[in-house]
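Asks: final.csv is the file, holding CSV, C-alpha atoms:
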chain,number,residue,atom,x,y,z
T,1,MET,CA,-19.6,-40.3,-59.0
T,2,SER,CA,-20.3,-40.6,-62.7
T,3,PRO,CA,-17.2,-40.1,-64.9
T,4,MET,CA,-19.3,-38.1,-67.2
T,5,SER,CA,-20.6,-35.7,-64.5
T,6,PHE,CA,-18.0,-33.1,-65.5
T,7,GLY,CA,-15.9,-32.8,-68.7
T,8,PHE,CA,-14.7,-30.6,-71.5
T,9,GLU,CA,-14.3,-31.1,-75.2
T,10,VAL,CA,-12.8,-28.7,-77.8
T,11,THR,CA,-14.9,-28.5,-80.9
T,12,SER,CA,-12.9,-26.0,-83.0
T,13,ARG,CA,-9.7,-23.9,-82.9
T,14,LEU,CA,-8.5,-20.7,-84.4
T,15,ASP,CA,-5.7,-21.0,-86.9
T,16,ASP,CA,-3.7,-18.0,-85.7
T,17,ALA,CA,-4.3,-17.9,-82.0
T,18,CYS,CA,-5.0,-20.0,-78.9
T,19,GLY,CA,-8.8,-19.4,-79.1
T,20,ARG,CA,-11.1,-22.3,-79.3
T,21,THR,CA,-14.8,-23.3,-79.1
T,22,GLY,CA,-15.9,-26.2,-76.9
T,23,ILE,CA,-18.5,-27.7,-74.6
T,24,ILE,CA,-18.3,-27.9,-70.8
T,25,HIS,CA,-20.4,-30.7,-69.4
T,26,THR,CA,-21.7,-30.4,-65.9
T,27,PRO,CA,-24.3,-32.3,-63.8
T,28,HIS,CA,-26.8,-29.6,-64.5
T,29,GLY,CA,-26.3,-29.2,-68.2
T,30,SER,CA,-23.7,-28.2,-70.8
T,31,ILE,CA,-22.2,-24.9,-71.6
T,32,GLU,CA,-21.2,-24.0,-75.2
T,33,THR,CA,-18.0,-22.0,-75.1
T,34,PRO,CA,-16.9,-19.2,-75.2
T,35,ALA,CA,-19.7,-18.2,-73.0
T,36,PHE,CA,-20.5,-15.3,-70.7
T,37,VAL,CA,-21.5,-16.4,-67.2
T,38,VAL,CA,-24.0,-14.0,-65.6
T,39,VAL,CA,-23.2,-13.0,-62.1
T,40,GLY,CA,-25.8,-13.6,-59.4
T,41,THR,CA,-23.7,-12.4,-56.4
T,42,LYS,CA,-26.1,-13.3,-53.5
T,43,ALA,CA,-27.8,-16.2,-55.3
T,44,THR,CA,-29.7,-13.6,-57.4
T,45,VAL,CA,-29.0,-11.5,-60.5
T,46,LYS,CA,-30.0,-8.2,-59.0
T,47,SER,CA,-33.6,-7.2,-59.8
T,48,VAL,CA,-34.1,-10.1,-62.4
T,49,LEU,CA,-36.0,-13.3,-62.0
T,50,PRO,CA,-34.0,-16.5,-62.6
T,51,GLU,CA,-36.6,-17.4,-65.3
T,52,SER,CA,-35.8,-14.1,-67.0
T,53,VAL,CA,-32.0,-14.9,-66.8
T,54,ALA,CA,-32.7,-18.2,-68.7
T,55,GLN,CA,-34.9,-16.4,-71.3
T,56,LEU,CA,-32.2,-13.9,-72.1
T,57,GLY,CA,-29.9,-16.8,-73.1
T,58,ALA,CA,-27.6,-17.2,-70.1
T,59,GLN,CA,-26.1,-20.7,-69.9
T,60,ALA,CA,-24.7,-20.5,-66.4
T,61,VAL,CA,-24.8,-18.3,-63.3
T,62,LEU,CA,-21.9,-17.4,-60.9
T,63,ALA,CA,-22.6,-16.7,-57.2
T,64,ASN,CA,-20.3,-15.3,-54.6
T,65,ALA,CA,-19.0,-17.6,-51.8
T,66,TYR,CA,-18.0,-14.6,-49.6
T,67,HIS,CA,-21.4,-13.0,-49.6
T,68,LEU,CA,-23.3,-16.2,-49.2
T,69,PHE,CA,-21.0,-17.2,-46.3
T,70,LEU,CA,-22.0,-14.0,-44.6
T,71,GLN,CA,-25.7,-14.3,-45.4
T,72,PRO,CA,-27.6,-16.5,-45.3
T,73,GLY,CA,-24.8,-19.0,-44.6
T,74,PRO,CA,-23.6,-22.0,-46.7
T,75,GLU,CA,-25.3,-24.6,-44.5
T,76,LEU,CA,-28.7,-23.1,-45.1
T,77,VAL,CA,-28.1,-23.2,-48.8
T,78,GLU,CA,-27.1,-26.8,-48.6
T,79,GLU,CA,-30.3,-27.6,-46.6
T,80,ALA,CA,-32.3,-26.0,-49.3
T,81,GLY,CA,-30.9,-28.4,-51.8
T,82,GLY,CA,-27.9,-26.5,-53.0
T,83,LEU,CA,-27.3,-23.2,-54.8
T,84,GLY,CA,-29.3,-24.0,-58.0
T,85,ARG,CA,-32.4,-25.2,-56.2
T,86,PHE,CA,-32.2,-22.5,-53.6
T,87,MET,CA,-32.4,-19.8,-56.2
T,88,ASN,CA,-34.6,-21.8,-58.7
T,89,TRP,CA,-31.9,-21.9,-61.4
T,90,PRO,CA,-31.9,-25.3,-63.1
T,91,GLY,CA,-28.7,-24.8,-65.1
T,92,PRO,CA,-25.0,-24.9,-64.4
T,93,THR,CA,-23.7,-22.8,-61.5
T,94,PHE,CA,-20.2,-21.5,-60.5
T,95,THR,CA,-18.9,-20.1,-57.2
T,96,ASP,CA,-15.8,-18.2,-56.6
T,97,SER,CA,-13.6,-19.0,-53.6
T,98,GLY,CA,-14.2,-15.8,-51.6
T,99,GLY,CA,-10.6,-14.7,-52.0
T,100,PHE,CA,-11.4,-12.0,-54.5
T,101,GLN,CA,-13.9,-10.3,-52.2
T,102,VAL,CA,-11.9,-10.8,-49.0
T,103,LEU,CA,-8.8,-9.2,-50.4
T,104,SER,CA,-10.2,-6.7,-53.0
T,105,LEU,CA,-12.8,-5.3,-50.6
T,106,GLY,CA,-10.4,-5.6,-47.6
T,107,GLY,CA,-7.6,-3.9,-49.6
T,108,GLY,CA,-9.8,-1.1,-50.9
T,109,PHE,CA,-9.2,-1.9,-54.6
T,110,LYS,CA,-12.7,-2.8,-55.8
T,111,LYS,CA,-11.7,-3.2,-59.5
T,112,THR,CA,-8.6,-5.2,-60.2
T,113,LEU,CA,-9.4,-7.1,-63.4
T,114,ALA,CA,-8.6,-5.5,-66.8
T,115,MET,CA,-7.6,-2.3,-64.9
T,116,ASP,CA,-6.0,0.8,-66.2
T,117,ILE,CA,-3.3,1.7,-63.8
T,118,SER,CA,-2.9,5.1,-65.3
T,119,GLN,CA,-6.1,6.1,-63.5
T,120,LEU,CA,-4.6,5.2,-60.1
T,121,THR,CA,-2.9,7.9,-58.1
T,122,GLU,CA,-0.6,7.8,-55.1
T,123,ALA,CA,-3.5,9.1,-53.0
T,124,ASP,CA,-5.7,6.1,-54.1
T,125,VAL,CA,-3.0,3.7,-52.9
T,126,ILE,CA,-2.6,5.5,-49.6
T,127,ALA,CA,-6.4,5.6,-49.0
T,128,ALA,CA,-6.8,2.0,-49.9
T,129,ASP,CA,-4.1,0.9,-47.6
T,130,ALA,CA,-5.6,3.0,-44.7
T,131,ASP,CA,-8.9,1.3,-45.3
T,132,ARG,CA,-7.5,-2.2,-45.3
T,133,LYS,CA,-9.9,-4.7,-43.6
T,134,ALA,CA,-8.1,-8.0,-44.5
T,135,MET,CA,-4.8,-9.4,-43.1
T,136,VAL,CA,-3.0,-12.2,-45.0
T,137,ASP,CA,-0.7,-14.8,-43.5
T,138,ASP,CA,0.6,-18.1,-44.8
T,139,ASP,CA,-2.3,-20.0,-43.3
T,140,GLY,CA,-5.2,-17.8,-44.6
T,141,VAL,CA,-6.9,-14.4,-44.4
T,142,THR,CA,-8.6,-12.7,-41.5
T,143,PHE,CA,-11.1,-10.1,-42.4
T,144,ARG,CA,-13.9,-8.0,-40.9
T,145,SER,CA,-17.5,-8.5,-42.1
T,146,PRO,CA,-19.0,-5.4,-43.8
T,147,LEU,CA,-22.4,-6.4,-42.4
T,148,ASN,CA,-21.8,-6.2,-38.7
T,149,GLY,CA,-18.0,-5.9,-38.1
T,150,ASP,CA,-17.5,-9.5,-37.0
T,151,ILE,CA,-14.1,-11.0,-37.5
T,152,HIS,CA,-13.9,-14.1,-39.8
T,153,ARG,CA,-11.1,-16.2,-41.2
T,154,PHE,CA,-10.9,-17.9,-44.5
T,155,THR,CA,-8.3,-20.7,-45.2
T,156,PRO,CA,-8.1,-23.0,-48.2
T,157,GLU,CA,-10.0,-25.6,-46.2
T,158,VAL,CA,-12.7,-23.2,-45.1
T,159,SER,CA,-13.2,-22.0,-48.6
T,160,MET,CA,-13.6,-25.6,-49.9
T,161,GLN,CA,-16.0,-26.4,-47.1
T,162,ILE,CA,-18.2,-23.3,-47.9
T,163,GLN,CA,-18.3,-24.1,-51.6
T,164,HIS,CA,-19.1,-27.8,-51.0
T,165,HIS,CA,-22.0,-26.7,-48.9
T,166,LEU,CA,-23.2,-24.3,-51.7
T,167,GLY,CA,-23.0,-27.2,-54.2
T,168,ALA,CA,-22.1,-25.3,-57.4
T,169,ASP,CA,-21.0,-27.3,-60.4
T,170,VAL,CA,-17.7,-25.4,-60.7
T,171,MET,CA,-15.7,-24.0,-57.7
T,172,MET,CA,-12.6,-21.9,-57.5
T,173,ALA,CA,-9.5,-22.7,-55.4
T,174,PHE,CA,-8.7,-20.2,-52.7
T,175,ASP,CA,-5.9,-17.8,-53.8
T,176,GLU,CA,-4.3,-14.5,-52.8
T,177,LEU,CA,-5.4,-11.6,-54.9
T,178,THR,CA,-2.7,-9.1,-55.7
T,179,THR,CA,-3.0,-5.8,-57.5
T,180,LEU,CA,-0.7,-4.1,-60.1
T,181,MET,CA,0.4,-1.8,-57.3
T,182,ASN,CA,2.2,-4.6,-55.4
T,183,THR,CA,6.0,-5.0,-55.9
T,184,ARG,CA,7.6,-7.8,-57.9
T,185,ALA,CA,8.9,-9.3,-54.7
T,186,TYR,CA,5.5,-9.4,-53.1
T,187,GLN,CA,4.0,-10.9,-56.3
T,188,GLU,CA,6.5,-13.7,-56.0
T,189,GLU,CA,5.7,-14.3,-52.3
T,190,ALA,CA,2.0,-14.3,-53.0
T,191,LEU,CA,2.4,-16.7,-55.9
T,192,GLU,CA,4.1,-19.2,-53.7
T,193,ARG,CA,1.5,-18.8,-51.0
T,194,THR,CA,-1.2,-19.4,-53.6
T,195,ARG,CA,0.5,-22.5,-54.9
T,196,LEU,CA,0.6,-24.0,-51.4
T,197,TRP,CA,-3.0,-23.0,-50.8
T,198,ALA,CA,-3.9,-24.7,-54.1
T,199,GLU,CA,-2.4,-28.0,-52.8
T,200,ARG,CA,-4.5,-27.7,-49.6
T,201,CYS,CA,-7.6,-27.0,-51.7
T,202,LEU,CA,-7.1,-30.1,-53.7
T,203,ALA,CA,-6.6,-32.2,-50.6
T,204,GLU,CA,-9.7,-30.8,-48.9
T,205,HIS,CA,-11.7,-31.1,-52.1
T,206,ARG,CA,-10.8,-34.8,-52.4
T,207,ARG,CA,-11.7,-35.4,-48.7
T,208,LEU,CA,-15.1,-33.6,-49.0
T,209,THR,CA,-15.9,-35.3,-52.3
T,210,GLU,CA,-15.3,-38.8,-50.8
T,211,LEU,CA,-17.6,-37.8,-47.9
T,212,SER,CA,-20.4,-36.8,-50.2
T,213,ALA,CA,-20.2,-39.5,-52.9
T,214,GLU,CA,-24.0,-39.5,-53.2
T,215,LYS,CA,-24.0,-35.8,-54.5
T,216,PRO,CA,-23.1,-34.7,-58.1
T,217,TYR,CA,-19.4,-34.1,-58.5
T,218,GLN,CA,-18.3,-30.5,-58.1
T,219,ALA,CA,-15.4,-29.5,-60.4
T,220,LEU,CA,-12.5,-27.5,-58.9
T,221,TYR,CA,-10.6,-24.9,-60.9
T,222,GLY,CA,-7.1,-23.8,-59.8
T,223,VAL,CA,-6.6,-20.0,-60.0
T,224,VAL,CA,-3.6,-18.5,-61.9
T,225,GLN,CA,-2.0,-15.4,-60.4
T,226,GLY,CA,1.2,-13.6,-61.4
T,227,ALA,CA,-0.1,-10.1,-62.4
T,228,GLN,CA,1.6,-8.6,-65.4
T,229,TYR,CA,4.8,-10.8,-65.2
T,230,GLU,CA,5.1,-13.4,-68.0
T,231,ASP,CA,7.5,-15.7,-66.1
T,232,LEU,CA,5.2,-15.7,-63.0
T,233,ARG,CA,2.1,-16.4,-65.0
T,234,ARG,CA,3.7,-19.2,-66.9
T,235,LYS,CA,5.1,-20.7,-63.7
T,236,ALA,CA,1.7,-20.6,-62.0
T,237,CYS,CA,0.1,-22.3,-65.0
T,238,ARG,CA,2.8,-25.1,-65.1
T,239,ASP,CA,2.5,-25.6,-61.3
T,240,LEU,CA,-1.3,-25.8,-61.3
T,241,ALA,CA,-1.5,-28.0,-64.4
T,242,ALA,CA,0.9,-30.5,-63.0
T,243,MET,CA,-0.4,-30.5,-59.4
T,244,GLU,CA,-1.9,-33.7,-58.1
T,245,VAL,CA,-2.8,-34.5,-54.5
T,246,HIS,CA,-4.1,-37.9,-53.5
T,247,GLY,CA,-4.9,-38.5,-57.2
T,248,GLN,CA,-6.9,-35.3,-57.4
T,249,GLN,CA,-6.1,-32.8,-60.1
T,250,PHE,CA,-7.7,-29.5,-61.0
T,251,ASP,CA,-10.7,-29.9,-63.4
T,252,GLY,CA,-10.1,-26.5,-65.0
T,253,PHE,CA,-8.4,-23.1,-64.3
T,254,GLY,CA,-9.4,-19.6,-63.4
T,255,LEU,CA,-7.3,-16.8,-64.7
T,256,GLY,CA,-7.4,-14.2,-61.9
T,257,GLY,CA,-5.6,-11.4,-60.3
T,258,ALA,CA,-4.7,-8.0,-61.6
T,259,ILE,CA,-4.5,-7.7,-65.4
T,260,GLU,CA,-3.6,-4.4,-67.1
T,261,LYS,CA,-6.3,-3.9,-69.7
T,262,ALA,CA,-3.8,-3.2,-72.5
T,263,ASN,CA,-2.1,-6.5,-71.9
T,264,LEU,CA,-5.1,-8.7,-71.3
T,265,GLY,CA,-4.9,-10.7,-74.6
T,266,ARG,CA,-1.1,-11.2,-74.2
T,267,ILE,CA,-1.5,-12.5,-70.6
T,268,VAL,CA,-4.3,-14.9,-71.5
T,269,THR,CA,-2.2,-16.2,-74.3
T,270,TRP,CA,0.7,-16.9,-72.0
T,271,CYS,CA,-1.7,-18.9,-69.8
T,272,ALA,CA,-3.3,-20.8,-72.8
T,273,GLU,CA,0.1,-21.8,-74.1
T,274,GLU,CA,1.0,-23.4,-70.7
T,275,LEU,CA,-2.3,-24.9,-69.6
T,276,PRO,CA,-3.6,-28.3,-70.9
T,277,GLU,CA,-5.9,-28.2,-73.9
T,278,ASP,CA,-8.4,-30.7,-72.4
T,279,ARG,CA,-9.4,-28.5,-69.4
T,280,PRO,CA,-11.5,-25.3,-69.5
T,281,ARG,CA,-10.2,-21.8,-68.6
T,282,HIS,CA,-12.4,-19.2,-66.9
T,283,LEU,CA,-11.4,-15.5,-67.0
T,284,LEU,CA,-12.6,-13.8,-63.9
T,285,GLY,CA,-14.2,-10.3,-64.1
T,286,ILE,CA,-14.4,-9.0,-67.7
T,287,SER,CA,-17.3,-7.9,-69.9
T,288,GLU,CA,-16.3,-5.0,-72.1
T,289,PRO,CA,-16.4,-5.8,-75.8
T,290,ASP,CA,-12.7,-5.2,-76.5
T,291,ASP,CA,-11.8,-7.4,-73.5
T,292,LEU,CA,-14.2,-10.2,-74.7
T,293,PHE,CA,-12.8,-10.3,-78.2
T,294,ALA,CA,-9.2,-10.3,-76.9
T,295,ALA,CA,-9.9,-13.0,-74.3
T,296,CYS,CA,-11.8,-15.3,-76.7
T,297,ARG,CA,-9.1,-15.0,-79.3
T,298,ALA,CA,-6.4,-15.7,-76.7
T,299,GLY,CA,-8.0,-18.9,-75.4
T,300,ALA,CA,-10.4,-18.1,-72.5
T,301,ASP,CA,-13.5,-20.3,-72.5
T,302,THR,CA,-15.8,-18.6,-70.0
T,303,PHE,CA,-16.1,-15.2,-68.3
T,304,ASP,CA,-18.1,-13.4,-65.6
T,305,CYS,CA,-18.6,-9.8,-64.6
T,306,VAL,CA,-21.0,-7.7,-62.6
T,307,ASN,CA,-20.7,-4.7,-64.9
T,308,PRO,CA,-23.7,-5.3,-67.3
T,309,SER,CA,-26.1,-5.3,-64.3
T,310,ARG,CA,-24.2,-2.7,-62.3
T,311,VAL,CA,-24.2,0.0,-65.0
T,312,ALA,CA,-27.8,-0.9,-65.9
T,313,ARG,CA,-28.9,0.1,-62.4
T,314,ASN,CA,-27.3,3.5,-63.0
T,315,GLY,CA,-29.2,4.0,-66.3
T,316,ALA,CA,-26.3,3.1,-68.7
T,317,ILE,CA,-27.6,1.2,-71.7
T,318,TYR,CA,-25.4,-0.9,-74.0
T,319,THR,CA,-25.8,-0.7,-77.8
T,320,VAL,CA,-23.5,-1.6,-80.7
T,321,ASP,CA,-22.8,2.1,-81.1
T,322,GLY,CA,-21.6,2.6,-77.5
T,323,ARG,CA,-23.5,3.3,-74.3
T,324,TYR,CA,-26.0,6.0,-73.5
T,325,ASN,CA,-27.8,7.1,-70.4
T,326,ILE,CA,-31.5,6.5,-70.5
T,327,THR,CA,-32.1,9.3,-68.0
T,328,THR,CA,-31.1,12.1,-70.5
T,329,ALA,CA,-33.8,14.5,-71.6
T,330,ARG,CA,-33.7,13.2,-75.2
T,331,CYS,CA,-35.2,9.9,-74.1
T,332,ARG,CA,-38.3,11.5,-72.5
T,333,ARG,CA,-40.4,11.4,-75.6
T,334,ASP,CA,-38.5,8.6,-77.5
T,335,PHE,CA,-41.0,5.7,-78.0
T,336,GLY,CA,-38.5,3.4,-79.7
T,337,PRO,CA,-36.7,0.5,-78.0
T,338,LEU,CA,-33.6,0.8,-75.9
T,339,GLU,CA,-31.7,-0.5,-79.0
T,340,ASP,CA,-33.0,-0.9,-82.5
T,341,GLY,CA,-33.0,-4.5,-83.6
T,342,CYS,CA,-32.4,-5.9,-80.1
T,343,ASP,CA,-34.3,-9.2,-79.4
T,344,CYS,CA,-34.4,-8.9,-75.6
T,345,TYR,CA,-37.7,-8.9,-73.6
T,346,THR,CA,-37.2,-5.2,-72.7
T,347,CYS,CA,-36.7,-4.0,-76.2
T,348,THR,CA,-39.6,-6.0,-77.7
T,349,HIS,CA,-42.1,-4.7,-75.1
T,350,TYR,CA,-41.0,-1.3,-73.7
T,351,SER,CA,-39.9,2.1,-74.9
T,352,ARG,CA,-37.1,4.4,-74.0
T,353,ALA,CA,-39.7,6.9,-72.8
T,354,TYR,CA,-41.2,4.4,-70.4
T,355,ILE,CA,-37.9,3.3,-69.0
T,356,HIS,CA,-36.8,6.9,-68.7
T,357,HIS,CA,-39.9,7.6,-66.7
T,358,LEU,CA,-39.2,4.6,-64.4
T,359,PHE,CA,-35.7,5.8,-63.6
T,360,LYS,CA,-36.9,9.4,-63.0
T,361,ALA,CA,-39.7,8.1,-60.7
T,362,LYS,CA,-37.2,5.8,-59.0
T,363,GLU,CA,-39.3,2.8,-59.7
T,364,MET,CA,-37.7,-0.6,-59.1
T,365,LEU,CA,-38.9,-1.9,-62.5
T,366,ALA,CA,-36.3,0.4,-64.1
T,367,ASN,CA,-33.5,-1.7,-62.8
T,368,THR,CA,-35.2,-4.9,-64.0
T,369,LEU,CA,-35.8,-3.8,-67.6
T,370,ALA,CA,-32.4,-2.1,-68.0
T,371,THR,CA,-30.6,-5.2,-66.6
T,372,ILE,CA,-32.4,-7.6,-68.8
T,373,HIS,CA,-31.2,-5.6,-71.9
T,374,ASN,CA,-27.6,-5.3,-70.8
T,375,GLU,CA,-27.2,-8.9,-69.8
T,376,ARG,CA,-28.9,-10.1,-73.0
T,377,TRP,CA,-26.6,-7.8,-75.0
T,378,THR,CA,-23.5,-9.2,-73.4
T,379,VAL,CA,-24.6,-12.8,-73.6
T,380,ARG,CA,-25.5,-12.3,-77.3
T,381,LEU,CA,-22.2,-10.7,-78.1
T,382,VAL,CA,-20.2,-13.7,-76.8
T,383,ASP,CA,-22.6,-16.0,-78.6
T,384,GLN,CA,-21.9,-14.1,-81.8
T,385,ILE,CA,-18.1,-14.3,-81.1
T,386,ARG,CA,-18.5,-18.1,-80.7
T,387,ALA,CA,-20.4,-18.4,-84.0
T,388,ALA,CA,-17.8,-16.3,-85.8
T,389,MET,CA,-15.0,-18.5,-84.4
T,390,ARG,CA,-16.7,-21.6,-85.6
T,391,SER,CA,-17.3,-20.2,-89.1
T,392,GLY,CA,-13.8,-18.8,-89.5
T,393,ASP,CA,-15.1,-15.1,-89.7
T,394,LEU,CA,-13.9,-13.8,-86.3
T,395,ASP,CA,-11.6,-11.2,-87.9
T,396,GLY,CA,-14.4,-9.8,-90.0
T,397,PHE,CA,-16.9,-9.8,-87.2
T,398,GLU,CA,-14.5,-8.1,-84.8
T,399,ALA,CA,-13.5,-5.4,-87.3
T,400,ASP,CA,-17.2,-4.6,-88.0
T,401,PHE,CA,-18.3,-4.6,-84.3
T,402,MET,CA,-15.4,-2.8,-82.8
T,403,GLY,CA,-15.4,-0.3,-85.7
T,404,ARG,CA,-18.9,0.8,-84.6
T,405,TRP,CA,-18.1,0.6,-80.9
T,406,ASN,CA,-14.8,2.5,-81.2
T,407,ALA,CA,-16.3,5.2,-83.5
T,408,ASN,CA,-17.9,6.5,-80.3
T,409,GLY,CA,-15.0,5.5,-78.1
T,410,GLY,CA,-17.1,2.8,-76.4
T,411,ARG,CA,-18.0,5.5,-73.9
T,412,LEU,CA,-21.3,6.8,-72.5
T,413,LEU,CA,-23.2,8.5,-75.2
T,414,ARG,CA,-26.2,10.8,-75.3
T,415,ALA,CA,-29.3,9.1,-76.7
T,416,ASP,CA,-30.3,10.3,-80.1
Take the structure in the file and give it back as structure tokens.

Replies:
Amino acid sequence: MSPMSFGFEVTSRLDDACGRTGIIHTPHGSIETPAFVVVGTKATVKSVLPESVAQLGAQAVLANAYHLFLQPGPELVEEAGGLGRFMNWPGPTFTDSGGFQVLSLGGGFKKTLAMDISQLTEADVIAADADRKAMVDDDGVTFRSPLNGDIHRFTPEVSMQIQHHLGADVMMAFDELTTLMNTRAYQEEALERTRLWAERCLAEHRRLTELSAEKPYQALYGVVQGAQYEDLRRKACRDLAAMEVHGQQFDGFGLGGAIEKANLGRIVTWCAEELPEDRPRHLLGISEPDDLFAACRAGADTFDCVNPSRVARNGAIYTVDGRYNITTARCRRDFGPLEDGCDCYTCTHYSRAYIHHLFKAKEMLANTLATIHNERWTVRLVDQIRAAMRSGDLDGFEADFMGRWNANGGRLLRAD
């Protein structure tokens, strides 16, 4: 194992906050941070070729250990040469632990990061609890497959084994996902369970690494929970930062769990103040512009989210002036690009009218072209944030960008 196979260096820092720029070095290339990591859930960014993902500027792709465990199976991916080779992606790859999907889908809360709890009703909580398909105990989680109803069990050791088979450059420790609806007492209980699971993840990671010394080193991030509670978040950070098992420490940290949107920047700041400066921080599950600015300023280095591709498949198009729906009647005879001035492949080759037609005709190409634009738009925004941080102009860039975005509420707009 080369000592240079994984590493992180800080290249600049903000004067008035915890934000920094840097470079994450992996066996399959480097990532300039802050960076948006495009989500390829099942070893594919839905409807988009891996070559197109590279062309739109993505530096890394994150795949989902839960879904790849269910289909096609982690051993098959390893037989194919690992995640990157399996999906023909030459750059850095991330995998999550499976804990998010096991517990968020099992618990019925499909969105837990940067959530607005004012939108949740008592009926939502009752319905989610009735639909629960995952059971947690101190050893792990038992859950039912959404594909065929089979019963499976994830433990910290099983999650590490799955992710080692998948072979991503960066893996996440197995953790218990909680929501903002859980009580303080349960948050404390879950935090301790996650701490003990983290120790088991480190031990199993060390064992598996020693068994596969001929393979490139896979970095392991510990995942910080604690919901909206400052003392719990800070405790989790201190515990994970100091944790060492058989000489193995965490190579970086994932900031996970439920985060109330209004407090996102504050919570990331608590974590950044406690975590070591020489290890990277990945914020799981954000992509909205205000969240990206807040997270970059507060000290997160990388991010992932399915939202740019998900909303694209429903016809929602990102622009600097908000979002609009390409299926509205106004787009039928609009022969301009999805967004004026956009450099993505879609905007430089196709018109709103054509993509409107594709959606109306239910052609699969509609999803491809809309997704390319939204992913490029998000990747480019984080690239611009990184450049503004380096140049010392983050305040000005954020004021200009968010001024235009907020003028329309950042909501779905009619195309004009």

Asks: Could you work out how far atom CA of T:Ala198 lies from atom CA of T:Glu210, giving the answer in Å with one decimal?

Replies: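 Going from atom CA of T:Glu210 over to atom CA of T:Ala198 covers 18.4 Å.
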
Asks: Here is a test: counting all atoms listed in the file, which residue of T:Tyr217, T:Tyr66, T:Leu191, T:Asp393 is nearest to T:His28?

Replies: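 With all atoms listed in the file as the atom set, the closest residue is T:Tyr217.
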
Asks: Dump as a PyMOL selection string all residues having an atom at most 6 Å from (-1.2, -21.1, -59.7), computed in the file's coordinates with all atoms listed in the file.

Replies: chain T and resi 195+223-225+236-237+240

Asks: Got time to write the residues from that selection, C-alpha atoms, as a CSV table (one decimal), in the frame of the given file?

Replies:
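Written out: result-v3.csv:
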chain,number,residue,atom,x,y,z
T,195,ARG,CA,0.5,-22.5,-54.9
T,223,VAL,CA,-6.6,-20.0,-60.0
T,224,VAL,CA,-3.6,-18.5,-61.9
T,225,GLN,CA,-2.0,-15.4,-60.4
T,236,ALA,CA,1.7,-20.6,-62.0
T,237,CYS,CA,0.1,-22.3,-65.0
T,240,LEU,CA,-1.3,-25.8,-61.3

Asks: When you count only C-alpha atoms, which of these residues is closest to T:Ile267: T:Glu189, T:Arg281, T:Ser287, T:Gly226?

Replies: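 When distances to T:Ile267 are compared using only C-alpha atoms, the smallest one comes from T:Gly226.
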
Asks: Using Å and a single decimal, report how far atom CA of T:Leu381 sits from atom CA of T:Ala35.

Replies: 9.4 Å

Asks: Go through T:Gly265, T:Gly222, T:Gly82, T:Gly57 and flag the residue nearest T:Cys18, using only C-alpha atoms for the distances.

Replies: T:Gly265

Asks: Could you tell me which of T:Phe253, T:Tyr350, T:Phe143, T:Tyr186 comes closest to T:Leu232 if we count all atoms listed in the file?

Replies: T:Tyr186

Asks: Please report the interatomic distance between atom CA of T:Glu9 and atom CA of T:Leu196 in Å with one decimal.

Replies: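 Separation between atom CA of T:Glu9 and atom CA of T:Leu196: 29.0 Å.
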
Asks: Please provide the set of residues having any atom within 7 Å of stretch 368-375 of chain T, restricted to all atoms listed in the file, with same-chain residues fewer than 5 positions apart removed, written as a PyMOL selection string.

Replies: chain T and resi 47-48+308-309+312-313+317-318+344+346

Asks: Store the residues picked out above, limited to C-alpha atoms, as a PDB file, keeping the file's coordinate frame.

Replies:
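As a result, selection10.pdb now contains:
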ATOM      1  CA  SER T  47     -33.600  -7.200 -59.800  1.00  0.00           C
ATOM      2  CA  VAL T  48     -34.100 -10.100 -62.400  1.00  0.00           C
ATOM      3  CA  PRO T 308     -23.700  -5.300 -67.300  1.00  0.00           C
ATOM      4  CA  SER T 309     -26.100  -5.300 -64.300  1.00  0.00           C
ATOM      5  CA  ALA T 312     -27.800  -0.900 -65.900  1.00  0.00           C
ATOM      6  CA  ARG T 313     -28.900   0.100 -62.400  1.00  0.00           C
ATOM      7  CA  ILE T 317     -27.600   1.200 -71.700  1.00  0.00           C
ATOM      8  CA  TYR T 318     -25.400  -0.900 -74.000  1.00  0.00           C
ATOM      9  CA  CYS T 344     -34.400  -8.900 -75.600  1.00  0.00           C
ATOM     10  CA  THR T 346     -37.200  -5.200 -72.700  1.00  0.00           C
TER      11      THR T 346
END

Asks: Determine, counting all atoms listed in the file, which protein, DNA and RNA residues have an atom within 8 Å of an atom of T:Thr93; residues of the same chain fewer than 2 positions away are not included. Present the result as an mmCIF file with C-alpha atoms, in the coordinates of the input.

Replies:
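What ended up in result-v2.cif:
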data_model
loop_
_atom_site.group_PDB
_atom_site.id
_atom_site.type_symbol
_atom_site.label_atom_id
_atom_site.label_comp_id
_atom_site.auth_asym_id
_atom_site.auth_seq_id
_atom_site.Cartn_x
_atom_site.Cartn_y
_atom_site.Cartn_z
ATOM 1 C CA ALA T 60 -24.700 -20.500 -66.400
ATOM 2 C CA VAL T 61 -24.800 -18.300 -63.300
ATOM 3 C CA LEU T 62 -21.900 -17.400 -60.900
ATOM 4 C CA ALA T 63 -22.600 -16.700 -57.200
ATOM 5 C CA LEU T 83 -27.300 -23.200 -54.800
ATOM 6 C CA GLY T 84 -29.300 -24.000 -58.000
ATOM 7 C CA GLY T 91 -28.700 -24.800 -65.100
ATOM 8 C CA THR T 95 -18.900 -20.100 -57.200
ATOM 9 C CA ALA T 168 -22.100 -25.300 -57.400
ATOM 10 C CA ASP T 169 -21.000 -27.300 -60.400
ATOM 11 C CA VAL T 170 -17.700 -25.400 -60.700
#
